[in-house]
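Here the structure comes first, spelled out in structure tokens, and everything after it is commentary.
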Amino acid sequence: MSISASRLCWRVGKKTIVNDVSLEVPKGQTLGLLGPNGSGKSSLLRILAGLRRPDSGKVMLDGSDMAALKKKALARRVAFVEQHAATEANIRVRDVVKLGRIPHHSPFSAWSHQDDEIVSAALARVDMLEHSEQGWQSLSGGERQRVHIARALAQTPSEILLDEPTNHLDIHHQIHLMRLVSELPVTSIVAIHDLNHAAMFCDALIVMQKGQIVARGTPDEVLTEAMLADVFQVKARIEISPDHGKKHIHFL
Ligand SMILES: Nc1ncnc2c1ncn2[C@@H]1O[C@H](COP(=O)(O)OP(=O)(O)OP(=O)(O)O)[C@@H](O)[C@H]1O
């Protein structure tokens with residue numbers, strides 16, 4: 001397994017926010033994390049990214065305990081795009097993406113032509129190459145989101161964790177981004193609210209409720225009218241799309 005977690009628990013005071021969560025994602029696959037607001041998706045992603053220590057349980061990368069990895073080695077391997085990622089200074093778009101290369105450098109190593117190529121390729125992948133010289137503060141919300149994703153790609157990670165990455169994006173860029181994530185030769189875990197995008201672009205899904213996993217499997221197995229009524233309290237009719245052969249949810 002590229003990334004796995006066994007029996008993760010995280011509490012704040014008496015409240016258990018992540019409750020006995022175990023998961024496994026094979027190399028190159030895309031796992032979608034679904035669940036209502038406050039169900040623990042972001043908290044789980046922060047633990048999987050190594051930003052938060054669980055009270056119990058562990059995260060494994062290729063079978064080795066993540067807790068044993070040094071910060072820089074972890075940053076070379078796992079990229080995380082947070083939901084409210086901020087970049088304060090008014091630096092150029094290209095410089096934001098260059099930050100993704102930091103874990104690959106020592107204080108004495110020189111910036112290389114290859115670094116430049118990786119940064120340009122990351123910007124091109126999110127359709128932001130022509131904004132390279134623009135100042136960060138002048139970008140729209142969706143453009144900022146795409147630049148944060150480019151920075152994560154410039155890290156050339158083996159695992160990428162994305163917390164609601166299609167927030168702020170127009171429908172063209174939502175589809176473009178989800179297709180990109182699903183086609184990347186990188187293991188991805190993505191918290192996502194759009195259930196039809198989850199059906200179209202994820203290999204497997206996990207549904208969280210009150211910190212626990214309440215359903216898991218392929219999108220076909222997980223996305224059922226009963227689950228949507230039970231977990232999300234919505235009525236829906238689900239059919240197999242004649243266009244792409246995946247499940248399609250009609251909300252009633
Ligand atoms: N540091 C914290 N201290 C106290 N409570 C917290 C903390 N972090 C998260 N929580 C609580 O834990 C629960 C899960 O939050 P989390 O952000 O992980 O949910 P989520 O599934 O990502 O939600 P959303 O879909 O709204 O982004 C929420 O009730 C939240 O208020």
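Chain labels run A, B, ... following the order of the structure tokens; each chain numbers its residues from 1, and ligands are numbered from 1 in the order shown.
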> If you count only C-alpha atoms and all ligand atoms, which residues end up within 7 Å of ligand 1, as a PyMOL selection string?
Replying inline: chain A and resi 12+17+35-44+211
> Neighbours of A:Val147 within 8 Å (only C-alpha atoms; same-chain residues fewer than 3 positions away dropped), as a PyMOL selection string?
Replying inline: chain A and resi 93+96-97+123+126+128+143-144+150-151
With C-alpha atoms retained, export the selected residues as a PDB file, in the first residue's frame.
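Saved to out11.pdb:
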ATOM      1  CA  VAL A  93       2.613  33.087  -9.033  1.00  0.00           C
ATOM      2  CA  VAL A  96       4.558  30.426  -4.995  1.00  0.00           C
ATOM      3  CA  VAL A  97       4.901  27.264  -7.074  1.00  0.00           C
ATOM      4  CA  LEU A 123       1.648  25.543 -13.748  1.00  0.00           C
ATOM      5  CA  VAL A 126      -3.549  23.620 -13.755  1.00  0.00           C
ATOM      6  CA  MET A 128      -1.957  28.831 -14.967  1.00  0.00           C
ATOM      7  CA  GLU A 143      -6.871  30.953  -9.653  1.00  0.00           C
ATOM      8  CA  ARG A 144      -5.308  30.938  -6.173  1.00  0.00           C
ATOM      9  CA  ALA A 150       0.468  23.559  -8.788  1.00  0.00           C
ATOM     10  CA  ARG A 151       2.691  24.080  -5.753  1.00  0.00           C
TER      11      ARG A 151
END
> Closest to A:Leu99 among A:His148, A:Lys15, A:Arg7, A:His131, using only C-alpha atoms?
Replying inline: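 Closest to A:Leu99, using only C-alpha atoms: A:His148.
Across A:Glu164, A:Asp194, A:Glu239, A:Glu159, the tightest approach to A:Lys27 is made by A:Glu159 when counting only C-alpha atoms.
Atom pair atom CA of A:Leu161 / atom CA of A:Val81 has a distance of 6.3 Å (rounded to one decimal).
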> What are the DSSP alpha helix (DSSP H) residues of stretch 31-193 of chain A, as a PyMOL selection string?
Replying inline: chain A and resi 41-48+71-77+93-98+113-125+141-154+171-183
> When distances are computed from only C-alpha atoms, which of A:Asn90, A:Leu177, A:Asn196, A:Glu225 shows the smallest separation from A:Ser241?
Replying inline: A:Asn196
>> Just the number, please: distance in Å from atom CA of A:Val231 to atom CA of A:Cys202, one decimal.
In response: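 Taking atom CA of A:Val231 as the start and atom CA of A:Cys202 as the end point, the length is 19.2 Å.
Proximity ranking of A:Leu153, A:Val186, A:Leu31, A:Cys9 relative to A:Pro219 places A:Leu31 first, based on only C-alpha atoms.
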> Using only C-alpha atoms, which residues sit within 10 Å of stretch 103-108 of chain A once same-chain residues fewer than 4 positions away are excluded, as an NGL selection string?
Replying inline: :A and (71-77 or 99 or 115 or 155-156)
> Could you state the separation of atom CA of A:Asp62 and atom CA of A:Val190 in Å, given to one decimal place?
Replying inline: 19.0 Å
> If we count only C-alpha atoms, what is near A:Val181 at a cut-off of 12 Å, once residues fewer than 6 positions away on the same chain are taken out, given as a PyMOL selection string?
Replying inline: chain A and resi 28-32+125-126+149-150+152-153+159-162+165-166+173-175+187-190+197-198+200-203
Could you write out the selected residues, including N, CA and C atoms, as a CSV table (one decimal), in the first residue's frame?
chain,number,residue,atom,x,y,z
A,28,GLY,N,-1.1,4.9,-6.8
A,28,GLY,CA,-1.7,5.5,-8.0
A,28,GLY,C,-3.2,5.6,-8.0
A,29,GLN,N,-3.9,5.1,-6.9
A,29,GLN,CA,-5.3,5.2,-6.9
A,29,GLN,C,-5.8,6.5,-6.3
A,30,THR,N,-7.1,6.8,-6.5
A,30,THR,CA,-7.7,8.0,-6.0
A,30,THR,C,-8.8,7.6,-5.0
A,31,LEU,N,-8.6,8.0,-3.7
A,31,LEU,CA,-9.7,7.7,-2.7
A,31,LEU,C,-10.4,9.0,-2.4
A,32,GLY,N,-11.7,8.9,-2.5
A,32,GLY,CA,-12.6,10.1,-2.2
A,32,GLY,C,-13.1,10.0,-0.8
A,125,ARG,N,-0.2,22.3,-15.9
A,125,ARG,CA,-1.2,21.3,-15.6
A,125,ARG,C,-2.5,21.9,-15.0
A,126,VAL,N,-2.3,23.0,-14.3
A,126,VAL,CA,-3.5,23.6,-13.8
A,126,VAL,C,-4.0,24.8,-14.6
A,149,ILE,N,-2.5,24.1,-5.9
A,149,ILE,CA,-2.4,22.8,-6.4
A,149,ILE,C,-1.1,22.6,-7.3
A,150,ALA,N,-0.8,23.6,-8.0
A,150,ALA,CA,0.5,23.6,-8.8
A,150,ALA,C,1.7,23.4,-7.8
A,152,ALA,N,1.7,22.0,-5.0
A,152,ALA,CA,1.7,20.6,-4.5
A,152,ALA,C,2.3,19.7,-5.6
A,153,LEU,N,1.9,19.9,-6.8
A,153,LEU,CA,2.4,19.1,-7.9
A,153,LEU,C,3.9,19.3,-8.1
A,159,GLU,N,2.3,10.9,-2.7
A,159,GLU,CA,1.0,10.9,-2.3
A,159,GLU,C,0.5,12.4,-2.2
A,160,ILE,N,-0.7,12.7,-2.7
A,160,ILE,CA,-1.2,14.0,-2.6
A,160,ILE,C,-2.6,14.0,-1.9
A,161,LEU,N,-2.7,14.9,-0.9
A,161,LEU,CA,-3.9,15.0,-0.1
A,161,LEU,C,-4.6,16.3,-0.4
A,162,LEU,N,-5.8,16.3,-0.8
A,162,LEU,CA,-6.5,17.5,-1.2
A,162,LEU,C,-7.8,17.7,-0.4
A,165,PRO,N,-10.6,20.4,-3.1
A,165,PRO,CA,-9.8,21.2,-4.0
A,165,PRO,C,-10.7,21.9,-5.1
A,166,THR,N,-11.9,21.5,-5.3
A,166,THR,CA,-12.7,22.2,-6.3
A,166,THR,C,-13.5,23.4,-5.8
A,173,HIS,N,-13.1,24.1,-14.6
A,173,HIS,CA,-11.8,23.8,-13.9
A,173,HIS,C,-12.1,22.7,-12.8
A,174,GLN,N,-13.3,22.6,-12.3
A,174,GLN,CA,-13.7,21.5,-11.4
A,174,GLN,C,-13.4,20.1,-12.1
A,175,ILE,N,-14.0,20.0,-13.3
A,175,ILE,CA,-13.9,18.7,-14.0
A,175,ILE,C,-12.4,18.5,-14.4
A,187,THR,N,-0.7,8.7,-5.8
A,187,THR,CA,-1.8,8.2,-4.9
A,187,THR,C,-2.5,9.5,-4.3
A,188,SER,N,-3.8,9.5,-4.4
A,188,SER,CA,-4.5,10.7,-4.0
A,188,SER,C,-5.6,10.4,-3.0
A,189,ILE,N,-5.7,11.3,-2.1
A,189,ILE,CA,-6.9,11.2,-1.2
A,189,ILE,C,-7.5,12.6,-1.2
A,190,VAL,N,-8.8,12.6,-1.6
A,190,VAL,CA,-9.4,13.9,-1.8
A,190,VAL,C,-10.8,14.0,-1.1
A,197,HIS,N,-19.1,14.0,-8.9
A,197,HIS,CA,-17.7,14.0,-9.3
A,197,HIS,C,-17.0,12.8,-8.6
A,198,ALA,N,-17.4,12.5,-7.3
A,198,ALA,CA,-16.8,11.3,-6.6
A,198,ALA,C,-17.1,10.1,-7.4
A,200,MET,N,-17.6,9.8,-10.7
A,200,MET,CA,-16.9,9.8,-11.9
A,200,MET,C,-15.4,9.6,-11.8
A,201,PHE,N,-14.8,10.2,-10.8
A,201,PHE,CA,-13.3,10.3,-10.8
A,201,PHE,C,-12.6,9.5,-9.7
A,202,CYS,N,-13.3,8.9,-8.7
A,202,CYS,CA,-12.6,8.2,-7.7
A,202,CYS,C,-12.6,6.7,-7.9
A,203,ASP,N,-11.5,6.0,-7.5
A,203,ASP,CA,-11.5,4.6,-7.6
A,203,ASP,C,-12.2,3.9,-6.5
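Among the candidate residues A:Leu169, A:Trp10, A:Gln134, A:Ala121, the one lying nearest to A:Gly57 is A:Trp10, with distances computed using only C-alpha atoms.
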> Looking at only C-alpha atoms, which of A:His84, A:Val214, A:Gly135, A:Phe232 is the one that sits closest to A:Asn167?
Replying inline: A:His84
> Residues of stretch 38-227 of chain A in strand (DSSP E) according to DSSP, as number ranges by chain?
Replying inline: A: 56-61, 64-65, 78-81, 159-163, 187-191, 204-209, 212-217
